[in-house]
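Encoded as structure tokens, the structure appears first; notes follow it.
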Amino acid sequence: MPRLFYGALITPSSLTEYFASPRALLCVLDTGMIAWVVDDVPPSELQNELARHGLLDDPNVDIVELKTGEFLMPGFVDTHTHAPQVPNLGSGQQHELLDWLSEVTFPMEARFSDLSFARTAYETAVRRIIDCGTTTCCYYGTLHLEATKVLADIVHSHGQRAFVGKCNMNRECPDYYIEPSAEDSLSATRSLISHIRSLPPSCPPNVPPLVQPILTPRFAISCTPDLLSSLGELARSDPNLAIQTHISENPSEVAYTKTLFPKETLPPPPYAASAVSQKARGTYAGVYDAYELLRHNTILAHGVHLEEAEMELIKARKAGVSHCPTSNFNLSSGCAKIGELLDKEIKVGLGTDVSGGFAPSILRAVQDASICSKVVAMSAPDKPTRGFANRQLPIATLLYLATLGGAHVCGLERAIGKLSPEYAFDALVVSVRTDAGNPAVWGADLDAKVHVGASGGEFGREGGRGKTETEELEGMLERFLFCGDDRNIRRVYVQGRLVGGKEYKM
Ligand code: GUN
Ligand code: FE
């Protein structure tokens, strides 16, 4: 039977606009797809609206009514994280990238050869990430085939939407944590892809399966040219297979990549024969391009130090960028120029990059994306009044990056990322009420009690102007994005199924 949600609803519509309705009625089908949404239904009209949809007096229809201070919004999309690094959250901030990998990260990842450790760690990691409101997640596993199968199985059994990849890494890694050869790496990758594609799809036919495989050459440094070459060949034979990797995160990493892949040693055109490819030869992105790993379904994490020619190449290949500001601050990598990428119409989403980033929640990435854009703007010589470059990102853009922008980066923009008919119901019930128990959030119910906001008269917010209900709802979104945490996420739905949140009980 259809399920109905009645109350405030927020959904992005573009990079610069979102829609906020204080009283929407939304209908979800058994398939988990949104059937319809009506924007503004006053309580006196509710029965009529139900009658219009033939749902009046149907005892089987379940209506979830939201309270003041609660709203529905699309679930978060984390376009870049490392599940085996969750146990390392909060450790290692004294290092920059390459030392951090060898001192902190590889030793932890190596422990996932132990399947019992892997199972326990992954169960906990996935549960936490879902409860943070992440309905779609792009996961890196370790280099281990069996442990990464366990990760995919756990994600699938928890009902999260995800991409799961096994790291390819056959050089420049410690001998206790390295793949023995390009052939071994490729064959384990093929096995993981078959394993994930044999999981039950649990989605209607018009929506991609919930868990999908993703090719994961860790970064150029960790892959020999013959490994990149065979991964490129695999990608060519399977155009729907997504790809994820790191790019231009840290200056030492960029310099080292260039010494490992001098442009004379890259495969020759024709694949990379176009003018944009030629211009970018000798850059970091040029390496991935030469091996045919840069395409419409490639997710590039970081992109802090991209050169102009690389941005043009990424745009031409229609690849997406995962902006990981918490990690970029924490590992002293730098401030990514996200505004420039957006002005070039490059797809951008947000990533937590656990545990380079020290928080599993996309809310933290939203907060740091805002601060990062302000740091970039403060350091810019001129103060533009148009576009995104060198300006702070507005709330609408932050919301977009956390949801629909991430969906675009994952190639799921027709399935998820907004609450509209024919999209999957991947959604959060958010509460900014006092009873959510987060002392950082001034409860929306307190507004009413002490007369702040629409009912606030001369002492209300906005200098006594009073606020419309829509403006109040917009204020709640801002409070949630900047001060919220998992305590404010009551319910998490993926494809219409309740999979997490504070009210979820297994
Ligand atoms: N580059 C290669 N591997 C990693 C990783 O695990 N985290 C980050 N942040 N960058 C990387
Ligand atoms: Fe990463």
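Chain labels follow the order of the structure tokens: the first chain is A, the next B, and so on; residue numbering restarts at 1 in every chain, and ligands are counted from 1 in their shown order.
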
Collect all residues with atoms no farther than 12 Å from ligand 2, counting only C-alpha atoms and all ligand atoms, and output them as a ChimeraX atom specification.
-> /A:78-86,97-98,100-101,105,138-142,167,216-219,244-250,299-303,322-328,331,333,350-358

Let me see the file: selected residues, C-alpha atoms, as a PDB file, in the first residue's frame.
```pdb
ATOM      1  CA  ASP A  78      28.883  10.659   0.126  1.00  0.00           C
ATOM      2  CA  THR A  79      30.882  10.500  -3.095  1.00  0.00           C
ATOM      3  CA  HIS A  80      34.130   9.450  -1.433  1.00  0.00           C
ATOM      4  CA  THR A  81      34.939   7.494   1.698  1.00  0.00           C
ATOM      5  CA  HIS A  82      37.129   4.635   2.924  1.00  0.00           C
ATOM      6  CA  ALA A  83      35.194   2.091   5.018  1.00  0.00           C
ATOM      7  CA  PRO A  84      38.334   0.402   6.452  1.00  0.00           C
ATOM      8  CA  GLN A  85      39.580   3.738   7.770  1.00  0.00           C
ATOM      9  CA  VAL A  86      36.565   4.260  10.070  1.00  0.00           C
ATOM     10  CA  LEU A  97      49.115  12.650   2.759  1.00  0.00           C
ATOM     11  CA  LEU A  98      52.074  10.416   1.837  1.00  0.00           C
ATOM     12  CA  TRP A 100      49.822   9.643   6.696  1.00  0.00           C
ATOM     13  CA  LEU A 101      49.285   6.731   4.292  1.00  0.00           C
ATOM     14  CA  THR A 105      46.452   4.248   7.050  1.00  0.00           C
ATOM     15  CA  CYS A 138      30.946   5.483  -2.636  1.00  0.00           C
ATOM     16  CA  TYR A 139      33.126   3.118  -0.631  1.00  0.00           C
ATOM     17  CA  TYR A 140      36.777   2.191  -1.027  1.00  0.00           C
ATOM     18  CA  GLY A 141      37.505  -1.152   0.626  1.00  0.00           C
ATOM     19  CA  THR A 142      41.062  -2.453   1.093  1.00  0.00           C
ATOM     20  CA  CYS A 167      41.683  -0.954  -4.111  1.00  0.00           C
ATOM     21  CA  THR A 216      39.138   1.592  -7.703  1.00  0.00           C
ATOM     22  CA  PRO A 217      42.712   2.212  -8.812  1.00  0.00           C
ATOM     23  CA  ARG A 218      43.701   3.766  -5.473  1.00  0.00           C
ATOM     24  CA  PHE A 219      45.754   6.526  -7.120  1.00  0.00           C
ATOM     25  CA  GLN A 244      36.833   6.083  -8.560  1.00  0.00           C
ATOM     26  CA  THR A 245      40.302   7.344  -7.735  1.00  0.00           C
ATOM     27  CA  HIS A 246      42.215  10.206  -6.095  1.00  0.00           C
ATOM     28  CA  ILE A 247      43.620  13.194  -7.948  1.00  0.00           C
ATOM     29  CA  SER A 248      45.790  16.237  -7.163  1.00  0.00           C
ATOM     30  CA  GLU A 249      45.257  16.133  -3.416  1.00  0.00           C
ATOM     31  CA  ASN A 250      48.672  17.176  -2.126  1.00  0.00           C
ATOM     32  CA  ILE A 299      34.697  10.046  -9.608  1.00  0.00           C
ATOM     33  CA  LEU A 300      37.849  12.032  -8.860  1.00  0.00           C
ATOM     34  CA  ALA A 301      38.441  12.729  -5.175  1.00  0.00           C
ATOM     35  CA  HIS A 302      39.992  16.031  -4.030  1.00  0.00           C
ATOM     36  CA  GLY A 303      41.224  17.962  -7.101  1.00  0.00           C
ATOM     37  CA  SER A 322      34.318  14.701  -5.032  1.00  0.00           C
ATOM     38  CA  HIS A 323      35.038  17.730  -2.848  1.00  0.00           C
ATOM     39  CA  CYS A 324      36.448  16.528   0.500  1.00  0.00           C
ATOM     40  CA  PRO A 325      37.076  19.747   2.441  1.00  0.00           C
ATOM     41  CA  THR A 326      37.363  18.228   5.937  1.00  0.00           C
ATOM     42  CA  SER A 327      40.123  15.937   4.749  1.00  0.00           C
ATOM     43  CA  ASN A 328      41.752  18.697   2.715  1.00  0.00           C
ATOM     44  CA  LEU A 331      45.808  16.641   6.070  1.00  0.00           C
ATOM     45  CA  SER A 333      46.241  19.458   1.530  1.00  0.00           C
ATOM     46  CA  LEU A 350      30.804  16.105  -1.409  1.00  0.00           C
ATOM     47  CA  GLY A 351      32.937  13.420   0.216  1.00  0.00           C
ATOM     48  CA  THR A 352      33.819  12.748   3.840  1.00  0.00           C
ATOM     49  CA  ASP A 353      37.057  10.962   2.870  1.00  0.00           C
ATOM     50  CA  VAL A 354      37.184   9.113   6.180  1.00  0.00           C
ATOM     51  CA  SER A 355      39.674   9.074   7.786  1.00  0.00           C
ATOM     52  CA  GLY A 356      41.636  11.830   6.040  1.00  0.00           C
ATOM     53  CA  GLY A 357      38.422  13.581   7.049  1.00  0.00           C
ATOM     54  CA  PHE A 358      37.688  13.051  10.753  1.00  0.00           C
TER      55      PHE A 358
END
```

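All residues of protein, DNA or RNA that reach within 12 Å of Phe482 of chain A, judged by only C-alpha atoms and not counting those fewer than 2 positions away in the chain, are Ser361, Ile362, Leu363, Arg364, Ala365, Val366, Gln367, Asp368, Ala369, Ser370, Ile371, Ile395, Leu398, Leu399, Val432, Ala440, Val441, Trp442, Gly475, Met476, Leu477, Glu478, Arg479, Phe480, Gly484, Asp485 and Asn488 of chain A.
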
Keeping only N, CA and C atoms, write those residues as an mmCIF file, in the first residue's frame.
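So the final result, stored in selection_30.cif, reads:
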```cif
data_model
loop_
_atom_site.group_PDB
_atom_site.id
_atom_site.type_symbol
_atom_site.label_atom_id
_atom_site.label_comp_id
_atom_site.auth_asym_id
_atom_site.auth_seq_id
_atom_site.Cartn_x
_atom_site.Cartn_y
_atom_site.Cartn_z
ATOM 1 N N SER A 361 30.112 12.082 8.744
ATOM 2 C CA SER A 361 28.866 12.718 8.320
ATOM 3 C C SER A 361 29.085 13.752 7.219
ATOM 4 N N ILE A 362 28.216 13.725 6.234
ATOM 5 C CA ILE A 362 28.269 14.733 5.163
ATOM 6 C C ILE A 362 27.956 16.126 5.723
ATOM 7 N N LEU A 363 27.284 16.198 6.870
ATOM 8 C CA LEU A 363 27.037 17.523 7.460
ATOM 9 C C LEU A 363 28.358 18.242 7.722
ATOM 10 N N ARG A 364 29.343 17.514 8.197
ATOM 11 C CA ARG A 364 30.648 18.127 8.455
ATOM 12 C C ARG A 364 31.280 18.594 7.132
ATOM 13 N N ALA A 365 31.085 17.806 6.075
ATOM 14 C CA ALA A 365 31.624 18.212 4.765
ATOM 15 C C ALA A 365 30.916 19.473 4.268
ATOM 16 N N VAL A 366 29.621 19.596 4.551
ATOM 17 C CA VAL A 366 28.869 20.799 4.173
ATOM 18 C C VAL A 366 29.459 22.017 4.893
ATOM 19 N N GLN A 367 29.671 21.856 6.200
ATOM 20 C CA GLN A 367 30.196 22.975 7.005
ATOM 21 C C GLN A 367 31.572 23.388 6.504
ATOM 22 N N ASP A 368 32.417 22.395 6.229
ATOM 23 C CA ASP A 368 33.776 22.717 5.785
ATOM 24 C C ASP A 368 33.800 23.202 4.337
ATOM 25 N N ALA A 369 32.850 22.763 3.525
ATOM 26 C CA ALA A 369 32.771 23.283 2.149
ATOM 27 C C ALA A 369 32.428 24.766 2.198
ATOM 28 N N SER A 370 31.581 25.141 3.143
ATOM 29 C CA SER A 370 31.233 26.547 3.299
ATOM 30 C C SER A 370 32.461 27.349 3.718
ATOM 31 N N ILE A 371 33.140 26.868 4.762
ATOM 32 C CA ILE A 371 34.332 27.575 5.252
ATOM 33 C C ILE A 371 35.403 27.640 4.162
ATOM 34 N N ILE A 395 23.617 28.576 0.765
ATOM 35 C CA ILE A 395 22.967 27.382 1.317
ATOM 36 C C ILE A 395 22.420 26.482 0.204
ATOM 37 N N LEU A 398 25.181 24.450 -1.196
ATOM 38 C CA LEU A 398 25.652 23.432 -0.243
ATOM 39 C C LEU A 398 24.670 22.261 -0.196
ATOM 40 N N LEU A 399 23.379 22.577 -0.160
ATOM 41 C CA LEU A 399 22.365 21.516 -0.149
ATOM 42 C C LEU A 399 22.461 20.678 -1.423
ATOM 43 N N VAL A 432 14.689 19.491 14.042
ATOM 44 C CA VAL A 432 15.454 20.515 14.773
ATOM 45 C C VAL A 432 14.621 20.966 15.972
ATOM 46 N N ALA A 440 23.493 21.940 20.426
ATOM 47 C CA ALA A 440 23.970 22.964 19.496
ATOM 48 C C ALA A 440 22.836 23.567 18.678
ATOM 49 N N VAL A 441 21.727 22.855 18.595
ATOM 50 C CA VAL A 441 20.618 23.348 17.756
ATOM 51 C C VAL A 441 19.557 23.993 18.638
ATOM 52 N N TRP A 442 19.331 25.244 18.413
ATOM 53 C CA TRP A 442 18.240 25.944 19.100
ATOM 54 C C TRP A 442 16.937 25.366 18.552
ATOM 55 N N GLY A 475 15.300 28.659 7.568
ATOM 56 C CA GLY A 475 16.165 28.851 8.742
ATOM 57 C C GLY A 475 16.469 27.523 9.432
ATOM 58 N N MET A 476 15.455 26.651 9.465
ATOM 59 C CA MET A 476 15.678 25.332 10.094
ATOM 60 C C MET A 476 16.695 24.527 9.307
ATOM 61 N N LEU A 477 16.622 24.624 7.966
ATOM 62 C CA LEU A 477 17.594 23.908 7.133
ATOM 63 C C LEU A 477 19.008 24.401 7.447
ATOM 64 N N GLU A 478 19.142 25.720 7.542
ATOM 65 C CA GLU A 478 20.471 26.288 7.805
ATOM 66 C C GLU A 478 21.000 25.820 9.163
ATOM 67 N N ARG A 479 20.114 25.841 10.172
ATOM 68 C CA ARG A 479 20.538 25.388 11.503
ATOM 69 C C ARG A 479 20.963 23.925 11.467
ATOM 70 N N PHE A 480 20.198 23.112 10.733
ATOM 71 C CA PHE A 480 20.543 21.690 10.644
ATOM 72 C C PHE A 480 21.883 21.507 9.936
ATOM 73 N N GLY A 484 23.654 20.681 13.048
ATOM 74 C CA GLY A 484 23.013 19.378 13.245
ATOM 75 C C GLY A 484 24.014 18.238 13.304
ATOM 76 N N ASP A 485 23.540 17.109 13.814
ATOM 77 C CA ASP A 485 24.317 15.865 13.741
ATOM 78 C C ASP A 485 23.331 14.713 13.712
ATOM 79 N N ASN A 488 19.812 14.653 15.118
ATOM 80 C CA ASN A 488 18.724 15.359 14.436
ATOM 81 C C ASN A 488 18.154 14.560 13.258
#
```

Would you list the contacts of Ser181 of chain A as number ranges by chain, taking every protein, DNA or RNA residue within 12 Å and counting only C-alpha atoms, but skipping same-chain residues closer than 6 positions in sequence?
-> A: 168-171, 187-188, 222-228, 230

Mind checking which residues fall within 12 Å of Asp435 of chain A, counting only C-alpha atoms, ignoring those fewer than 3 positions away in the same chain, and posting them as a short mmCIF file (atom, residue, chain, number, x, y, z; two decimals) with all heavy atoms, in the first residue's frame?
```cif
data_model
loop_
_atom_site.label_atom_id
_atom_site.label_comp_id
_atom_site.auth_asym_id
_atom_site.auth_seq_id
_atom_site.Cartn_x
_atom_site.Cartn_y
_atom_site.Cartn_z
N LYS A 67 6.00 16.83 12.86
CA LYS A 67 5.67 17.88 13.84
C LYS A 67 6.37 19.19 13.45
O LYS A 67 7.28 19.19 12.61
CB LYS A 67 6.20 17.47 15.22
CG LYS A 67 5.59 16.20 15.75
CD LYS A 67 6.20 15.95 17.13
CE LYS A 67 5.92 14.53 17.60
NZ LYS A 67 6.94 14.00 18.48
N THR A 68 6.03 20.26 14.15
CA THR A 68 6.76 21.53 13.98
C THR A 68 8.24 21.28 14.25
O THR A 68 8.59 20.64 15.25
CB THR A 68 6.29 22.56 15.03
OG1 THR A 68 4.89 22.65 14.92
CG2 THR A 68 6.94 23.91 14.84
N GLY A 69 9.10 21.76 13.36
CA GLY A 69 10.54 21.56 13.57
C GLY A 69 11.06 20.29 12.93
O GLY A 69 12.23 19.96 13.08
N GLU A 70 10.18 19.57 12.21
CA GLU A 70 10.63 18.39 11.48
C GLU A 70 10.43 18.63 9.99
O GLU A 70 9.48 19.32 9.59
CB GLU A 70 9.83 17.15 11.89
CG GLU A 70 10.06 16.77 13.34
CD GLU A 70 9.24 15.56 13.78
OE1 GLU A 70 8.22 15.26 13.13
OE2 GLU A 70 9.61 14.95 14.78
N SER A 431 14.84 16.44 12.42
CA SER A 431 14.18 17.19 13.49
C SER A 431 15.13 18.23 14.06
O SER A 431 16.23 17.90 14.50
CB SER A 431 13.77 16.23 14.63
OG SER A 431 13.40 16.99 15.76
N VAL A 432 14.69 19.49 14.04
CA VAL A 432 15.45 20.52 14.77
C VAL A 432 14.62 20.97 15.97
O VAL A 432 14.54 22.13 16.30
CB VAL A 432 15.88 21.72 13.88
CG1 VAL A 432 17.00 21.32 12.95
CG2 VAL A 432 14.71 22.27 13.08
N ASN A 438 20.11 17.66 20.78
CA ASN A 438 21.39 18.24 20.33
C ASN A 438 21.49 19.67 20.85
O ASN A 438 20.82 20.56 20.34
CB ASN A 438 21.46 18.23 18.80
CG ASN A 438 22.72 18.89 18.26
OD1 ASN A 438 23.51 19.45 19.03
ND2 ASN A 438 22.90 18.85 16.96
N PRO A 439 22.33 19.90 21.88
CA PRO A 439 22.37 21.23 22.49
C PRO A 439 22.87 22.32 21.55
O PRO A 439 22.68 23.50 21.81
CB PRO A 439 23.34 21.06 23.66
CG PRO A 439 24.04 19.79 23.44
CD PRO A 439 23.24 18.95 22.50
N VAL A 441 21.73 22.86 18.59
CA VAL A 441 20.62 23.35 17.76
C VAL A 441 19.56 23.99 18.64
O VAL A 441 18.98 23.33 19.51
CB VAL A 441 19.99 22.19 16.94
CG1 VAL A 441 18.78 22.68 16.16
CG2 VAL A 441 21.02 21.60 15.99
N TRP A 442 19.33 25.24 18.41
CA TRP A 442 18.24 25.94 19.10
C TRP A 442 16.94 25.37 18.55
O TRP A 442 16.65 25.47 17.37
CB TRP A 442 18.34 27.45 18.82
CG TRP A 442 17.21 28.24 19.37
CD1 TRP A 442 16.06 28.60 18.72
CD2 TRP A 442 17.09 28.77 20.68
NE1 TRP A 442 15.24 29.30 19.54
CE2 TRP A 442 15.84 29.44 20.77
CE3 TRP A 442 17.91 28.75 21.83
CZ2 TRP A 442 15.40 30.08 21.93
CZ3 TRP A 442 17.47 29.38 22.98
CH2 TRP A 442 16.23 30.03 23.02
N GLY A 443 16.14 24.74 19.40
CA GLY A 443 14.96 24.00 18.94
C GLY A 443 13.93 24.89 18.27
O GLY A 443 13.63 25.98 18.77
N ALA A 444 13.38 24.41 17.16
CA ALA A 444 12.34 25.18 16.47
C ALA A 444 11.11 25.33 17.36
O ALA A 444 10.37 26.32 17.27
CB ALA A 444 11.98 24.48 15.17
N ASP A 445 10.87 24.36 18.23
CA ASP A 445 9.74 24.46 19.15
C ASP A 445 9.97 25.58 20.17
O ASP A 445 9.02 26.21 20.65
CB ASP A 445 9.50 23.12 19.85
CG ASP A 445 10.79 22.51 20.40
OD1 ASP A 445 11.87 22.74 19.79
OD2 ASP A 445 10.73 21.83 21.43
N LEU A 446 11.27 25.85 20.49
CA LEU A 446 11.58 26.95 21.42
C LEU A 446 11.22 28.30 20.80
O LEU A 446 10.82 29.24 21.49
CB LEU A 446 13.07 26.96 21.76
CG LEU A 446 13.50 26.09 22.93
CD1 LEU A 446 15.02 26.18 23.09
CD2 LEU A 446 12.83 26.54 24.22
N ARG A 487 21.89 13.10 15.87
CA ARG A 487 20.75 13.17 16.79
C ARG A 487 19.55 13.85 16.14
O ARG A 487 18.42 13.68 16.57
CB ARG A 487 21.15 13.96 18.06
CG ARG A 487 22.08 13.19 18.96
CD ARG A 487 22.64 14.06 20.05
NE ARG A 487 23.58 15.06 19.54
CZ ARG A 487 24.32 15.84 20.29
NH1 ARG A 487 24.25 15.75 21.60
NH2 ARG A 487 25.15 16.72 19.76
N ASN A 488 19.81 14.65 15.12
CA ASN A 488 18.72 15.36 14.44
C ASN A 488 18.15 14.56 13.26
O ASN A 488 17.29 15.05 12.55
CB ASN A 488 19.22 16.72 13.93
CG ASN A 488 19.73 17.58 15.07
OD1 ASN A 488 20.93 17.68 15.29
ND2 ASN A 488 18.82 18.15 15.84
N ILE A 489 18.66 13.35 13.06
CA ILE A 489 18.18 12.54 11.94
C ILE A 489 17.32 11.41 12.49
O ILE A 489 17.83 10.38 12.97
CB ILE A 489 19.36 12.01 11.10
CG1 ILE A 489 20.15 13.22 10.56
CG2 ILE A 489 18.86 11.13 9.96
CD1 ILE A 489 21.39 12.88 9.79
N ARG A 490 16.01 11.62 12.45
CA ARG A 490 15.11 10.66 13.08
C ARG A 490 14.97 9.38 12.27
O ARG A 490 14.91 8.29 12.80
CB ARG A 490 13.71 11.28 13.27
CG ARG A 490 13.64 12.23 14.44
CD ARG A 490 12.21 12.72 14.63
NE ARG A 490 11.27 11.62 14.60
CZ ARG A 490 9.97 11.73 14.30
NH1 ARG A 490 9.47 12.90 13.99
NH2 ARG A 490 9.20 10.68 14.30
N LYS A 502 17.65 7.79 14.28
CA LYS A 502 17.50 7.61 15.74
C LYS A 502 16.33 6.70 16.10
O LYS A 502 16.36 6.03 17.12
CB LYS A 502 17.30 8.97 16.40
CG LYS A 502 18.60 9.56 16.86
CD LYS A 502 18.39 10.73 17.77
CE LYS A 502 18.14 10.28 19.20
NZ LYS A 502 17.90 11.40 20.09
#
```

Glu340 of chain A surroundings by only C-alpha atoms, 8 Å radius, close-in-sequence under 4 positions cut, as a ChimeraX atom specification = /A:344,388-390

Exercise: Leu25 of chain A partners within 6 Å, only C-alpha atoms, chain neighbours under 2 positions left out, as a list in words =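 Result of the neighbour search: Phe5, Tyr6, Val37 and Val38 of chain A.
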
Select from segment 108-245 of chain A everything DSSP, run on the backbone, classes as strand (DSSP E), then give the selection as a PyMOL selection string.
-> chain A and resi 134-140+161-165+167-168+211-217+242-245

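Take the candidates A:Lys347, A:Lys149, A:Arg161, A:Arg386 and check each one against Ala427 of chain A using only C-alpha atoms; the shortest distance goes to A:Arg161.
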
Work out how far apart atom CA of Cys372 of chain A and atom CA of Ala336 of chain A are and give it in Å to one decimal.
->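 Result for atom CA of Cys372 of chain A versus atom CA of Ala336 of chain A: 7.5 Å, one decimal.
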
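Using only C-alpha atoms, the nearest neighbour of Leu342 of chain A within the list A:Ala51, A:Thr189, A:Leu15, A:Glu308 is A:Leu15.
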
Enter the distance from atom CA of Pro59 of chain A to atom CA of Gly32 of chain A, in Å, rounded to one decimal.
->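 Distance between the two atoms: 19.9 Å.
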
Kindly indicate which residue among A:Gly334, A:Gly133, A:Pro270, A:Pro421 lies nearest to ligand 1, using only C-alpha atoms and all ligand atoms for the distances.
->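 Under the stated criterion, the closest residue is A:Gly334.
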